[in-house]
Each structure stands twice: as C-alpha cells, then as structure tokens.
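Structure file work-v1.cif (mmCIF, C-alpha atoms and all ligand atoms) follows.
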data_work
loop_
_atom_site.label_atom_id
_atom_site.label_comp_id
_atom_site.auth_asym_id
_atom_site.auth_seq_id
_atom_site.Cartn_x
_atom_site.Cartn_y
_atom_site.Cartn_z
CA MET G 1 -77.79 33.02 -26.90
CA ILE G 2 -75.16 35.17 -25.27
CA ASN G 3 -72.91 33.51 -22.73
CA ALA G 4 -72.10 35.97 -19.94
CA ALA G 5 -71.76 33.14 -17.44
CA GLY G 6 -68.18 32.04 -18.11
CA THR G 7 -66.65 28.96 -19.72
CA LEU G 8 -69.49 26.53 -19.05
CA THR G 9 -69.57 23.27 -21.01
CA ARG G 10 -73.39 23.45 -20.91
CA LEU G 11 -73.22 26.72 -22.88
CA SER G 12 -70.69 25.36 -25.41
CA GLY G 13 -67.53 26.53 -23.66
CA ALA G 14 -65.12 29.33 -24.51
CA PRO G 15 -64.35 30.94 -27.87
CA LEU G 16 -61.35 29.24 -29.46
CA ALA G 17 -58.09 31.14 -29.01
CA PRO G 18 -56.59 32.74 -32.14
CA GLY G 19 -54.66 30.17 -34.18
CA VAL G 20 -56.49 27.10 -32.87
CA LEU G 21 -58.65 26.39 -35.91
CA GLU G 22 -55.69 26.94 -38.23
CA ALA G 23 -53.55 24.50 -36.21
CA MET G 24 -56.32 21.88 -36.32
CA ALA G 25 -56.59 22.20 -40.09
CA GLU G 26 -52.83 22.11 -40.55
CA ALA G 27 -52.62 18.90 -38.51
CA ASP G 28 -54.88 17.30 -41.08
CA ALA G 29 -52.33 17.69 -43.87
CA ALA G 30 -50.37 14.54 -43.02
CA SER G 31 -50.62 11.24 -41.16
CA ALA G 32 -48.66 10.62 -37.99
CA ASP G 33 -47.87 8.00 -35.36
CA MET G 34 -50.00 8.93 -32.34
CA PHE G 35 -47.31 7.96 -29.80
CA GLU G 36 -45.09 10.51 -31.56
CA VAL G 37 -47.85 13.13 -31.60
CA GLN G 38 -48.42 12.74 -27.85
CA ALA G 39 -44.67 12.68 -27.20
CA HIS G 40 -44.46 16.03 -28.99
CA ALA G 41 -47.33 17.35 -26.87
CA SER G 42 -45.57 15.98 -23.79
CA ARG G 43 -42.49 18.10 -24.50
CA ASP G 44 -44.59 21.26 -24.94
CA ILE G 45 -46.62 20.58 -21.80
CA ALA G 46 -43.46 19.80 -19.82
CA ALA G 47 -41.95 23.13 -20.91
CA ALA G 48 -45.12 25.01 -19.91
CA THR G 49 -45.66 23.30 -16.56
CA GLY G 50 -42.23 22.33 -15.28
CA ALA G 51 -43.42 18.70 -15.04
CA ALA G 52 -41.36 15.84 -16.47
CA ALA G 53 -44.05 14.87 -19.01
CA GLY G 54 -47.56 15.61 -20.23
CA LEU G 55 -50.48 14.32 -22.23
CA VAL G 56 -53.40 15.89 -24.06
CA THR G 57 -56.60 14.36 -22.70
CA SER G 58 -60.32 14.44 -23.51
CA GLY G 59 -61.17 17.31 -21.16
CA ALA G 60 -60.02 17.56 -17.58
CA THR G 61 -62.41 14.69 -16.89
CA GLY G 62 -60.58 12.40 -19.32
CA GLY G 63 -57.44 13.43 -17.43
CA LEU G 64 -59.02 12.38 -14.13
CA LEU G 65 -59.96 8.95 -15.53
CA LEU G 66 -56.45 8.45 -16.92
CA SER G 67 -54.90 9.64 -13.65
CA ALA G 68 -56.80 6.99 -11.75
CA ALA G 69 -55.86 4.39 -14.39
CA ALA G 70 -52.20 5.44 -14.08
CA VAL G 71 -52.00 5.27 -10.28
CA LEU G 72 -53.87 1.95 -10.20
CA ALA G 73 -51.84 0.17 -12.88
CA ARG G 74 -48.50 2.05 -13.02
CA LEU G 75 -46.41 0.21 -15.65
CA ASP G 76 -47.90 -3.21 -14.88
CA VAL G 77 -49.43 -4.24 -18.22
CA GLY G 78 -51.49 -7.04 -16.63
CA ARG G 79 -53.14 -4.57 -14.27
CA MET G 80 -53.85 -2.19 -17.18
CA ASP G 81 -55.70 -5.00 -18.94
CA ARG G 82 -57.79 -5.82 -15.84
CA LEU G 83 -59.04 -2.29 -15.08
CA PRO G 84 -61.61 -1.35 -13.82
CA GLU G 85 -61.15 -4.58 -11.85
CA THR G 86 -58.40 -4.18 -9.29
CA GLU G 87 -56.95 -6.53 -6.76
CA GLY G 88 -54.17 -4.25 -5.61
CA PRO G 89 -54.53 -0.89 -3.86
CA ASN G 90 -57.52 0.97 -5.32
CA GLU G 91 -58.49 3.64 -2.78
CA ILE G 92 -58.14 7.34 -3.53
CA ILE G 93 -58.33 9.58 -0.47
CA VAL G 94 -60.19 12.91 -0.80
CA ALA G 95 -61.40 15.57 1.64
CA ARG G 96 -65.18 15.35 1.97
CA GLY G 97 -65.49 19.08 1.28
CA GLN G 98 -63.76 18.60 -2.09
CA ARG G 99 -66.00 15.81 -3.41
CA ASN G 100 -67.77 16.75 -6.65
CA GLY G 101 -69.51 15.10 -9.58
CA TYR G 102 -66.37 14.91 -11.70
CA ASP G 103 -64.95 12.19 -9.45
CA HIS G 104 -67.22 9.81 -11.35
CA ALA G 105 -64.29 9.65 -13.80
CA LEU G 106 -61.95 8.27 -11.12
CA ARG G 107 -64.48 5.62 -10.14
CA ALA G 108 -64.98 4.66 -13.79
CA ALA G 109 -61.33 3.58 -13.93
CA GLY G 110 -61.78 1.30 -10.91
CA ALA G 111 -60.88 3.58 -7.99
CA ARG G 112 -62.90 3.72 -4.80
CA LEU G 113 -63.06 7.14 -3.16
CA VAL G 114 -62.47 7.32 0.57
CA GLU G 115 -63.57 10.57 2.19
CA VAL G 116 -61.84 12.22 5.11
CA GLY G 117 -62.70 15.22 7.28
CA LEU G 118 -65.80 17.37 7.43
CA ALA G 119 -66.57 20.79 5.97
CA GLU G 120 -67.89 22.22 9.24
CA PRO G 121 -67.59 25.91 8.27
CA LEU G 122 -70.06 25.20 5.43
CA SER G 123 -72.50 23.30 7.64
CA GLY G 124 -72.31 26.11 10.19
CA ALA G 125 -71.43 23.56 12.87
CA GLY G 126 -67.79 24.40 13.47
CA ILE G 127 -64.68 26.16 12.27
CA ARG G 128 -62.43 23.30 11.08
CA GLU G 129 -62.25 21.59 7.68
CA ALA G 130 -60.37 18.39 6.77
CA GLU G 131 -56.92 18.26 8.37
CA PRO G 132 -53.71 16.50 7.30
CA TRP G 133 -53.78 13.97 10.17
CA GLU G 134 -57.17 12.76 8.95
CA TYR G 135 -55.59 11.77 5.63
CA GLU G 136 -52.89 9.83 7.47
CA ALA G 137 -55.48 8.10 9.63
CA ALA G 138 -57.22 6.86 6.46
CA PHE G 139 -54.06 5.43 4.81
CA GLY G 140 -53.79 1.67 4.69
CA PRO G 141 -52.63 -1.18 2.46
CA ARG G 142 -55.36 -0.40 -0.08
CA THR G 143 -54.47 3.29 -0.48
CA ALA G 144 -53.45 4.08 -4.07
CA ALA G 145 -53.37 7.89 -4.24
CA ILE G 146 -54.68 11.19 -2.90
CA LEU G 147 -56.95 13.59 -4.82
CA HIS G 148 -56.79 17.32 -4.18
CA VAL G 149 -59.31 19.59 -5.90
CA ALA G 150 -57.53 22.92 -6.24
CA SER G 151 -59.30 26.16 -5.40
CA ARG G 152 -58.57 29.23 -3.33
CA ARG G 153 -60.85 27.79 -0.65
CA ALA G 154 -59.41 24.23 -0.65
CA ALA G 155 -58.60 22.95 2.83
CA PRO G 156 -56.14 21.63 3.80
CA SER G 157 -53.77 23.48 1.49
CA LEU G 158 -52.01 21.64 -1.33
CA ALA G 159 -48.67 22.14 0.44
CA GLU G 160 -50.00 20.37 3.54
CA VAL G 161 -51.49 17.49 1.53
CA ALA G 162 -48.27 17.18 -0.49
CA GLU G 163 -46.25 16.82 2.70
CA VAL G 164 -48.43 13.93 3.88
CA ALA G 165 -48.34 12.32 0.42
CA ARG G 166 -44.56 12.55 0.24
CA ALA G 167 -44.09 11.14 3.74
CA HIS G 168 -46.11 8.05 2.76
CA GLY G 169 -44.84 7.69 -0.82
CA LEU G 170 -48.36 8.14 -2.27
CA PRO G 171 -49.04 9.83 -5.62
CA LEU G 172 -50.96 13.11 -5.40
CA ILE G 173 -53.46 13.96 -8.17
CA VAL G 174 -54.50 17.61 -8.42
CA ASP G 175 -57.69 18.57 -10.25
CA ALA G 176 -56.91 22.14 -11.34
CA ALA G 177 -59.43 22.11 -14.20
CA ALA G 178 -60.62 25.70 -13.71
CA GLU G 179 -57.51 27.17 -12.04
CA LEU G 180 -56.31 29.29 -14.99
CA PRO G 181 -55.65 32.22 -14.82
CA PRO G 182 -53.25 33.04 -13.26
CA GLN G 183 -50.75 31.69 -15.73
CA ASP G 184 -48.37 30.84 -12.85
CA ASN G 185 -50.75 28.06 -11.86
CA LEU G 186 -49.51 26.05 -14.86
CA ARG G 187 -46.30 25.55 -12.81
CA ARG G 188 -47.51 26.13 -9.28
CA PHE G 189 -49.17 22.79 -8.47
CA VAL G 190 -46.28 20.74 -9.86
CA GLY G 191 -43.93 22.98 -7.87
CA GLU G 192 -45.95 22.38 -4.70
CA GLY G 193 -45.68 18.61 -5.02
CA ALA G 194 -48.43 17.32 -7.32
CA ASP G 195 -47.48 14.06 -9.08
CA LEU G 196 -50.22 14.62 -11.65
CA VAL G 197 -52.07 17.87 -12.37
CA ILE G 198 -55.04 18.31 -14.70
CA PHE G 199 -56.29 21.42 -16.49
CA SER G 200 -59.29 21.85 -18.72
CA GLY G 201 -58.38 22.81 -22.31
CA GLY G 202 -61.82 24.21 -23.07
CA LYS G 203 -62.03 26.81 -20.32
CA VAL G 204 -59.89 29.96 -20.28
CA LEU G 205 -57.15 28.26 -22.35
CA GLY G 206 -59.49 28.47 -25.35
CA GLY G 207 -58.60 25.07 -26.77
CA PRO G 208 -61.19 22.70 -28.28
CA ALA G 209 -63.97 22.14 -25.71
CA GLY G 210 -63.24 18.43 -25.57
CA THR G 211 -59.56 18.76 -24.60
CA GLY G 212 -57.55 18.86 -21.40
CA ILE G 213 -53.98 18.82 -20.16
CA MET G 214 -52.41 16.28 -17.85
CA ALA G 215 -48.89 16.92 -16.58
CA GLY G 216 -46.71 15.09 -14.11
CA ARG G 217 -44.28 12.29 -13.41
CA ALA G 218 -42.93 10.49 -16.46
CA GLU G 219 -43.90 7.00 -15.29
CA LEU G 220 -47.52 7.99 -14.59
CA ILE G 221 -47.87 9.88 -17.87
CA ALA G 222 -46.42 6.89 -19.75
CA SER G 223 -48.94 4.62 -18.04
CA ALA G 224 -51.80 6.97 -18.99
CA ALA G 225 -50.57 7.18 -22.59
CA MET G 226 -50.51 3.39 -22.92
CA GLN G 227 -54.08 3.19 -21.63
CA VAL G 228 -55.50 5.79 -24.03
CA LEU G 229 -53.49 5.32 -27.24
CA ASP G 230 -54.13 2.60 -29.80
CA THR G 231 -51.96 -0.38 -28.86
CA ASP G 232 -52.96 -2.70 -31.69
CA VAL G 233 -49.41 -3.25 -32.89
CA ARG G 234 -46.89 -6.10 -32.56
CA TRP G 235 -44.43 -5.66 -29.69
CA ALA G 236 -41.47 -6.19 -32.06
CA ASP G 237 -42.70 -3.39 -34.33
CA TRP G 238 -43.49 -0.92 -31.54
CA THR G 239 -40.92 1.86 -31.20
CA PRO G 240 -42.37 4.66 -29.06
CA PRO G 241 -40.19 7.77 -28.52
CA SER G 242 -37.88 6.70 -25.69
CA ASP G 243 -38.12 10.05 -23.87
CA PHE G 244 -41.89 9.46 -23.62
CA ILE G 245 -42.15 5.73 -22.95
CA ASP G 246 -39.30 3.56 -21.69
CA ARG G 247 -40.00 0.26 -23.45
CA THR G 248 -37.41 -1.58 -21.36
CA ARG G 249 -39.64 -1.19 -18.27
CA LEU G 250 -42.57 -3.01 -19.89
CA ARG G 251 -43.20 -6.72 -20.34
CA GLY G 252 -45.44 -6.12 -23.34
CA LEU G 253 -48.22 -3.98 -24.72
CA PRO G 254 -51.66 -3.86 -23.10
CA ARG G 255 -54.73 -4.48 -25.24
CA GLN G 256 -56.91 -1.40 -25.91
CA GLY G 257 -56.97 0.29 -22.53
CA ILE G 258 -59.65 1.65 -20.24
CA GLY G 259 -58.89 5.11 -21.63
CA ARG G 260 -59.79 4.22 -25.19
CA SER G 261 -63.20 5.84 -24.76
CA CYS G 262 -61.31 9.09 -23.98
CA LYS G 263 -59.58 9.14 -27.38
CA VAL G 264 -58.16 12.46 -28.56
CA GLY G 265 -57.34 12.98 -32.25
CA LYS G 266 -54.30 14.73 -33.64
CA ASN G 267 -56.41 17.74 -34.68
CA GLU G 268 -57.57 18.33 -31.11
CA ILE G 269 -54.00 17.87 -29.84
CA ALA G 270 -52.71 20.45 -32.34
CA GLY G 271 -55.55 22.80 -31.39
CA LEU G 272 -54.87 22.48 -27.67
CA LEU G 273 -51.13 23.09 -28.15
CA ALA G 274 -51.87 26.21 -30.21
CA ALA G 275 -54.20 27.44 -27.44
CA LEU G 276 -51.53 26.81 -24.81
CA ASP G 277 -49.02 28.70 -26.92
CA HIS G 278 -51.38 31.64 -27.26
CA PHE G 279 -52.22 31.60 -23.55
CA LEU G 280 -48.50 31.81 -22.68
CA SER G 281 -47.70 34.53 -25.20
CA GLU G 282 -50.70 36.75 -24.35
CA GLY G 283 -49.89 36.77 -20.64
CA ASP G 284 -52.07 37.61 -17.62
CA GLU G 285 -51.89 41.39 -17.98
CA ALA G 286 -52.94 41.64 -21.62
CA ARG G 287 -55.63 38.99 -21.09
CA HIS G 288 -56.99 40.81 -18.06
CA ALA G 289 -56.92 44.15 -19.93
CA ARG G 290 -58.93 42.57 -22.79
CA TRP G 291 -61.58 41.25 -20.37
CA LEU G 292 -61.63 44.50 -18.39
CA LYS G 293 -62.31 46.45 -21.57
CA THR G 294 -65.42 44.32 -22.16
CA CYS G 295 -66.50 44.85 -18.53
CA ARG G 296 -66.03 48.64 -18.80
CA ARG G 297 -68.08 48.81 -22.00
CA ILE G 298 -70.89 46.92 -20.23
CA VAL G 299 -70.72 49.17 -17.14
CA ASP G 300 -70.80 52.29 -19.34
CA GLY G 301 -73.83 50.97 -21.20
CA LEU G 302 -75.65 50.14 -17.95
CA GLU G 303 -75.55 53.60 -16.40
CA GLY G 304 -78.88 54.63 -14.92
CA ALA G 305 -80.41 51.14 -15.03
CA GLY G 306 -81.78 51.65 -11.52
CA ARG G 307 -82.66 48.09 -10.46
CA PHE G 308 -79.18 47.31 -9.19
CA THR G 309 -75.88 48.98 -8.41
CA VAL G 310 -73.07 48.25 -10.82
CA SER G 311 -69.39 47.70 -10.09
CA ILE G 312 -66.46 45.69 -11.41
CA ASP G 313 -65.07 42.98 -9.16
CA GLY G 314 -61.39 42.19 -9.75
CA ALA G 315 -60.57 45.28 -11.85
CA GLU G 316 -57.12 45.63 -10.24
CA ARG G 317 -56.12 41.98 -9.86
CA THR G 318 -54.60 40.84 -13.15
CA ASP G 319 -54.30 37.25 -11.82
CA GLY G 320 -58.02 36.59 -12.13
CA ILE G 321 -61.10 37.27 -14.24
CA PRO G 322 -62.83 40.64 -13.74
CA LEU G 323 -66.62 40.40 -13.37
CA VAL G 324 -69.37 42.99 -13.70
CA GLU G 325 -71.37 42.78 -10.49
CA LEU G 326 -75.04 43.82 -10.54
CA ARG G 327 -75.91 44.05 -6.86
CA CYS G 328 -79.65 43.76 -6.16
CA ALA G 329 -81.69 44.55 -3.06
CA ASP G 330 -81.87 40.85 -2.11
CA PRO G 331 -81.25 37.32 -3.50
CA ALA G 332 -84.86 36.96 -4.69
CA MET G 333 -84.53 40.08 -6.83
CA ALA G 334 -81.24 38.77 -8.29
CA GLU G 335 -82.93 35.45 -9.06
CA ARG G 336 -85.83 37.23 -10.84
CA LEU G 337 -83.39 39.26 -12.93
CA ARG G 338 -81.41 36.19 -13.98
CA HIS G 339 -84.67 34.54 -15.09
CA CYS G 340 -85.66 37.66 -16.98
CA PHE G 341 -82.33 37.67 -18.86
CA THR G 342 -82.53 34.00 -19.88
CA ALA G 343 -86.22 34.31 -20.87
CA HIS G 344 -85.40 37.03 -23.43
CA PRO G 345 -85.73 36.07 -27.14
CA THR G 346 -81.91 36.32 -27.19
CA PRO G 347 -81.22 34.55 -23.90
CA VAL G 348 -78.39 36.02 -21.82
CA HIS G 349 -76.87 33.59 -19.35
CA THR G 350 -75.21 35.23 -16.34
CA ALA G 351 -73.04 33.81 -13.57
CA PHE G 352 -74.08 32.94 -10.03
CA ASP G 353 -71.87 32.82 -6.97
CA PRO G 354 -73.41 31.09 -3.92
CA PHE G 355 -71.28 33.33 -1.69
CA ARG G 356 -72.97 36.52 -3.01
CA PRO G 357 -76.53 35.45 -3.89
CA ASP G 358 -77.78 39.05 -4.13
CA CYS G 359 -75.58 39.61 -7.20
CA VAL G 360 -76.02 38.88 -10.88
CA LEU G 361 -72.52 38.45 -12.32
CA VAL G 362 -71.47 39.12 -15.90
CA ASN G 363 -68.36 37.16 -16.90
CA PRO G 364 -66.60 38.64 -19.97
CA VAL G 365 -64.64 35.56 -21.11
CA CYS G 366 -67.18 34.18 -23.62
CA ILE G 367 -68.70 37.48 -24.76
CA ARG G 368 -67.81 38.28 -28.39
CA PRO G 369 -67.30 42.02 -29.08
CA GLY G 370 -70.12 41.99 -31.65
CA GLU G 371 -72.58 40.75 -28.99
CA LEU G 372 -72.26 43.82 -26.74
CA PRO G 373 -75.13 45.92 -28.21
CA THR G 374 -77.60 43.00 -27.90
CA LEU G 375 -76.29 42.14 -24.44
CA LEU G 376 -76.92 45.70 -23.26
CA ASP G 377 -80.41 45.71 -24.79
CA VAL G 378 -81.25 42.66 -22.68
CA LEU G 379 -79.62 43.90 -19.46
CA ASN G 380 -81.28 47.35 -19.68
CA PRO G 381 -85.05 47.34 -19.06
C1 LIG I 401 -64.66 22.12 -15.32
C2 LIG I 401 -64.16 21.19 -14.30
C3 LIG I 401 -63.91 19.85 -14.63
C4 LIG I 401 -64.23 19.28 -16.00
O1 LIG I 401 -63.46 19.79 -17.01
P1 LIG I 401 -63.69 19.29 -18.53
O2 LIG I 401 -62.50 19.82 -19.26
O3 LIG I 401 -64.97 19.89 -18.97
O4 LIG I 401 -63.75 17.82 -18.52
C5 LIG I 401 -63.37 19.02 -13.67
N1 LIG I 401 -63.09 19.48 -12.42
C6 LIG I 401 -63.33 20.76 -12.06
C7 LIG I 401 -62.96 21.21 -10.68
C8 LIG I 401 -63.87 21.66 -12.99
O5 LIG I 401 -64.10 22.93 -12.64
#

What's the structure tokens form of this structure?
Amino acid sequence: MINAAGTLTRLSGAPLAPGVLEAMAEADAASADMFEVQAHASRDIAAATGAAAGLVTSGATGGLLLSAAAVLARLDVGRMDRLPETEGPNEIIVARGQRNGYDHALRAAGARLVEVGLAEPLSGAGIREAEPWEYEAAFGPRTAAILHVASRRAAPSLAEVAEVARAHGLPLIVDAAAELPPQDNLRRFVGEGADLVIFSGGKVLGGPAGTGIMAGRAELIASAAMQVLDTDVRWADWTPPSDFIDRTRLRGLPRQGIGRSCKVGKNEIAGLLAALDHFLSEGDEARHARWLKTCRRIVDGLEGAGRFTVSIDGAERTDGIPLVELRCADPAMAERLRHCFTAHPTPVHTAFDPFRPDCVLVNPVCIRPGELPTLLDVLNP
C-alpha cells in the first residue's frame, strides 16, 4: 500500500529517519546498564527540550502511563509498588473537549479522570469551551495532576492551564504526541509551564514506531524511570547516575514497576536519539521544502484530472506539514474517491479532516519518492 494519510500507527507509521537503523545496530555491539542508557538519553532530551530531564518511552502512550505513575507515586517506593491501587490523590483533571482514547494509558496506571467544562462550539449549543475557573472548581484533596492535550484548537490555552496548575502546586502533564513540527514545540510546552511533556517518536520524528519522548521535572522523570526499568538488583549494589536518580531521596528500590510492560530496549533508545538528532539538524525549513517538493510533483502529475480542484495547503508555512488538497463538489464525492483509492490493487490511503469533509488530503510525510508514479496512477482516473 501507499500511505498518503500521514504518520498513522495503523498504516505502520513513518519512514525511519536517516541514521536510525545504523544507530540501532551500533547499540547492539556492547552490553550496557539500562539506568546509564536512559541517563544518557535524559541528557540528550534535556538539551533538546530545555527540560531538566527526559526518558525514552514506548510510544507517547507509554509516556502517558509513566506520567500518571510518576504523579501518583512521586518518589514514594511503597506507592510505586501498590499501583494501580492508590489510596492517596489519584484524580487527573482534563477538559471534556480534550478527552480521547489514549487516556486509557493514564487509567491503566491507577488514575481516575475527572472532566471539566463543555465543548459547546462543537455541539453547536454555545460559544464557550472549558475555562480555567472550572479546573479550580474541580480541585480537591484527591487531585493529583492536570492533563492538557496540546493542539492549535485546545481550550483553554496551555498558558492559562499552567497558571492554574502553578497556583495550586499541581503537576501539569502535556500530551504533545503529534505536535511536531514545528521544531520549536520541543521547547515550547516546557517553557509554558508543563511539568511533563510527551512526544511520539514514531510520527514526524521518524524514530522507531514503538518509541516516544517524555521530558520534564527531574523528580517525576526519576520516578517514571524507576517504574519502567528493571529493578531486580540489591540496594547496596545499585549505583544509578546521580544526575538522573538521587538515591539519597529513596528508601529502597521498588519491585518491577507498573511500567514494566512499557519496556524499551537500548536499540530503540539509540534509534530514537538518532532520529531526534536528525530532526534537529534538518530543521523546519529543509524538512518543509522536502515535503513541498513531493506535494508539487503530485500536483504536477494531477493536472487535468477533472473530478476535483487541486491546491497545496500550507505551502508557505514552514512550521507545519504541507498537504495536497483535492477539493470535491461535496463530502459524498470526497468519500467515494477515498474509497476508490483504497480499493485499488495498490491501495492508497489518504487523509481526512472533519473540518473540511469535501476534501481528500494527500499527506507527503510517509510517501517514498519511488512510490510517486504508482500513486499518480491511482489518483488519476
Ligand atoms: C498519536 C497520538 C498518541 C499516541 O502516540 P504513540 O506514540 O503512537 O503511542 C497519543 N496522543 C495523541 C494526541 C496522539 O496524536
């Protein structure tokens, strides 16, 4: 198949960035202590994000589970061992309009989600979304953290949520899984007050599909690390890098933690770090130019197709992903076309945006240059 839909897990994710496979193979050449491997990753992620520390996780979703585990247990080893059972604060506050299926990962760690606000503009019944005072009204002795799902449409804004979180001393978790590019976003959410921020490694970063990045406060990252890494070692023999985990703040080592099912190997960690490196060195402009070139070649090949009008959305904005937009007469026509493309012997999967249902969208990120002739054969009648 040809994936013109974007970095969807269902369609096997993004092509690996240059250097990723080599880094994964190289990591196989020697054995290593995994606390040291993650401490190394932490330094790289801290440099890229401006956060104090970081961790490579099993996808953004593994990062969400570990975020919940970290805010629920902090550095209390007894609480780590009891998760997902909690007797302390276990509620994570989230705007109702930001709820999505990925929050299953937070609940798996023992958190209970408490919704605030309404998304009235979406229901057509009003003009207001969740507001900061509604978060405050939901805070109580059982509140453990706030979740903000980052997007251009997120309401209230991260800055407003961060202000409320800070005023009440509550940790703020930001799910920014799909918020790259722009590259600035690696630093932006931490800068705006996130205590933990999560990115997917398998989307535009081009790391292994099963990886993610978690960045944030040192204490929370240390807690997450202790709940995902193998802790089957005697306390007296355990010497984690002190800039990653401050042993003096712990009473002992937890047993295998709730994050053990989100294990990440050293090969994936090396692959993710190579992808991050490549993402930083390529930069938004060159990346956008590469995608735009693919879009232009598609538009040129589509001339005279007749069933839709063709344009490129986002050709000038280098902070996003340019898309080829095939605008049809109506949503039903667009739906028929999408079916037609996926029913082809070489299925072509295109993107759908609920805010422009009359368009079939072609996302260039996962299209390999060699696939263009076949892609055009399918898109042209
Ligand atoms: C893609 C996505 C995820 C999941 O990311 P994985 O790396 O596949 O686990 C979580 N949250 C949001 C908002 C996403 O878009």

*Within 10 Å of (-46.6, 12.1, -28.6), only C-alpha atoms: residues as a ChimeraX atom specification?*
/G:32-43,54-56,225,229,240-241,243-245,266,269

Margin query: List as a ChimeraX atom specification the protein and nucleic acid residues lying within 10 Å of ligand LIG 401 (chain I), with only C-alpha atoms and all ligand atoms counted.
Written below: /G:7-10,13,57-64,98-103,105,148-151,174-179,198-203,207-213

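Using only C-alpha atoms, the protein and nucleic acid residues lying no more than 10 Å from Ile298 of chain G, apart from those fewer than 2 places from it along its own chain, are Leu292, Lys293, Thr294, Cys295, Arg296, Asp300, Gly301, Leu302, Glu303, Val310, Ile312, Val324, Val362, Pro364, Leu372, Pro373, Leu375, Leu376 and Leu379 of chain G.
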
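Residues lying within 9 Å of Ala145 of chain G, counting all atoms listed in the file and ignoring same-chain neighbours fewer than 5 positions away, are Ala68, Val71, Leu72, Pro89, Asn90, Glu91, Ile92, Ile93, Ala165, Leu170, Pro171, Leu172 and Ile173 of chain G.
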
Write out as a Markdown table a residue-level contact list of segment 151-190 of chain G versus segment 44-52 of chain G with cut-off 9 Å: for each qualifying residue the closest pair of atoms and the distance in Å to one decimal, counting only C-alpha atoms, rows sorted by chain and residue number upward.
| residue | atom | partner | partner_atom | distance |
| --- | --- | --- | --- | --- |
| G:Asp184 | CA | G:Thr49 | CA | 8.8 |
| G:Asn185 | CA | G:Thr49 | CA | 8.4 |
| G:Leu186 | CA | G:Thr49 | CA | 5.0 |
| G:Arg187 | CA | G:Thr49 | CA | 4.4 |
| G:Arg188 | CA | G:Thr49 | CA | 8.0 |
| G:Phe189 | CA | G:Thr49 | CA | 8.8 |
| G:Val190 | CA | G:Ala51 | CA | 6.3 |

Checklist line | Atom pair atom CA of His339 of chain G / atom CA of Ile367 of chain G: separation (Å) | finding: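 Interatomic distance here is 18.9 Å.
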
A straight line from atom CA of Glu160 of chain G to atom CA of Glu131 of chain G spans 8.7 Å

inquiry  = Counting only C-alpha atoms, I want the residues whose atoms come within 12 Å of (-57.2, 6.9, 10.7) in the file frame, returned as an MDAnalysis selection string.
reply    = chainID G and resid 93 114:117 131:140

Atom CA of Leu276 of chain G and atom CA of Leu361 of chain G, how far apart in Å?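 Atom CA of Leu276 of chain G lies 27.1 Å from atom CA of Leu361 of chain G.
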
List as JSON, numbers by chain the protein and nucleic acid residues near Asp230 of chain G, meaning an atom at most 9 Å away when all atoms listed in the file are counted, but skip any in the same chain fewer than 6 places from it.
{"G": [34, 35, 255, 256, 257, 260, 263]}

Just the selected residues (C-alpha atoms), exported as an mmCIF file, keeping the file's coordinate frame, please.
data_model
loop_
_atom_site.group_PDB
_atom_site.id
_atom_site.type_symbol
_atom_site.label_atom_id
_atom_site.label_comp_id
_atom_site.auth_asym_id
_atom_site.auth_seq_id
_atom_site.Cartn_x
_atom_site.Cartn_y
_atom_site.Cartn_z
ATOM 1 C CA MET G 34 -50.000 8.930 -32.340
ATOM 2 C CA PHE G 35 -47.310 7.960 -29.800
ATOM 3 C CA ARG G 255 -54.730 -4.480 -25.240
ATOM 4 C CA GLN G 256 -56.910 -1.400 -25.910
ATOM 5 C CA GLY G 257 -56.970 0.290 -22.530
ATOM 6 C CA ARG G 260 -59.790 4.220 -25.190
ATOM 7 C CA LYS G 263 -59.580 9.140 -27.380
#

Within 6 Å of Asn267 of chain G, counting all atoms listed in the file, which residues show up once you throw out same-chain ones fewer than 2 positions away? Write them as a list in words, please.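 Listing them by chain and then by number gives Met24, Ala27, Gly265, Ile269 and Ala270 of chain G.
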
Would you mind telling me which residue in G:Ala95, G:Ala25, G:Leu196, G:Leu83 lies nearest to Gln227 of chain G when using only C-alpha atoms?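 Selected residue with least distance to Gln227 of chain G: G:Leu83.
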
Closest of G:Val228, G:Leu106, G:Leu75, G:Leu16 to Arg247 of chain G, counting all atoms listed in the file, is G:Leu75

Grab segment 170-196 of chain G from that structure and dump C-alpha atoms to a file, as a short mmCIF file (atom, residue, chain, number, x, y, z; two decimals), in the first residue's frame.
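New file out.cif:
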data_model
loop_
_atom_site.label_atom_id
_atom_site.label_comp_id
_atom_site.auth_asym_id
_atom_site.auth_seq_id
_atom_site.Cartn_x
_atom_site.Cartn_y
_atom_site.Cartn_z
CA LEU G 170 -0.32 20.62 40.82
CA PRO G 171 1.81 18.88 38.17
CA LEU G 172 0.75 19.55 34.58
CA ILE G 173 1.09 16.73 32.02
CA VAL G 174 1.03 17.78 28.36
CA ASP G 175 0.24 15.23 25.65
CA ALA G 176 2.01 16.74 22.64
CA ALA G 177 2.29 13.41 20.79
CA ALA G 178 1.59 14.82 17.32
CA GLU G 179 2.76 18.43 17.87
CA LEU G 180 5.95 18.24 15.78
CA PRO G 181 6.68 20.18 13.60
CA PRO G 182 7.34 22.98 14.36
CA GLN G 183 10.65 22.13 15.95
CA ASP G 184 10.14 24.96 18.49
CA ASN G 185 7.43 22.86 20.10
CA LEU G 186 10.15 20.62 21.57
CA ARG G 187 10.86 23.55 23.95
CA ARG G 188 7.60 25.44 23.87
CA PHE G 189 5.43 23.37 26.23
CA VAL G 190 8.15 23.10 28.87
CA GLY G 191 8.66 26.86 28.51
CA GLU G 192 4.94 27.46 29.00
CA GLY G 193 4.86 25.54 32.27
CA ALA G 194 4.42 21.83 31.56
CA ASP G 195 5.90 19.61 34.30
CA LEU G 196 5.89 16.64 31.93
#
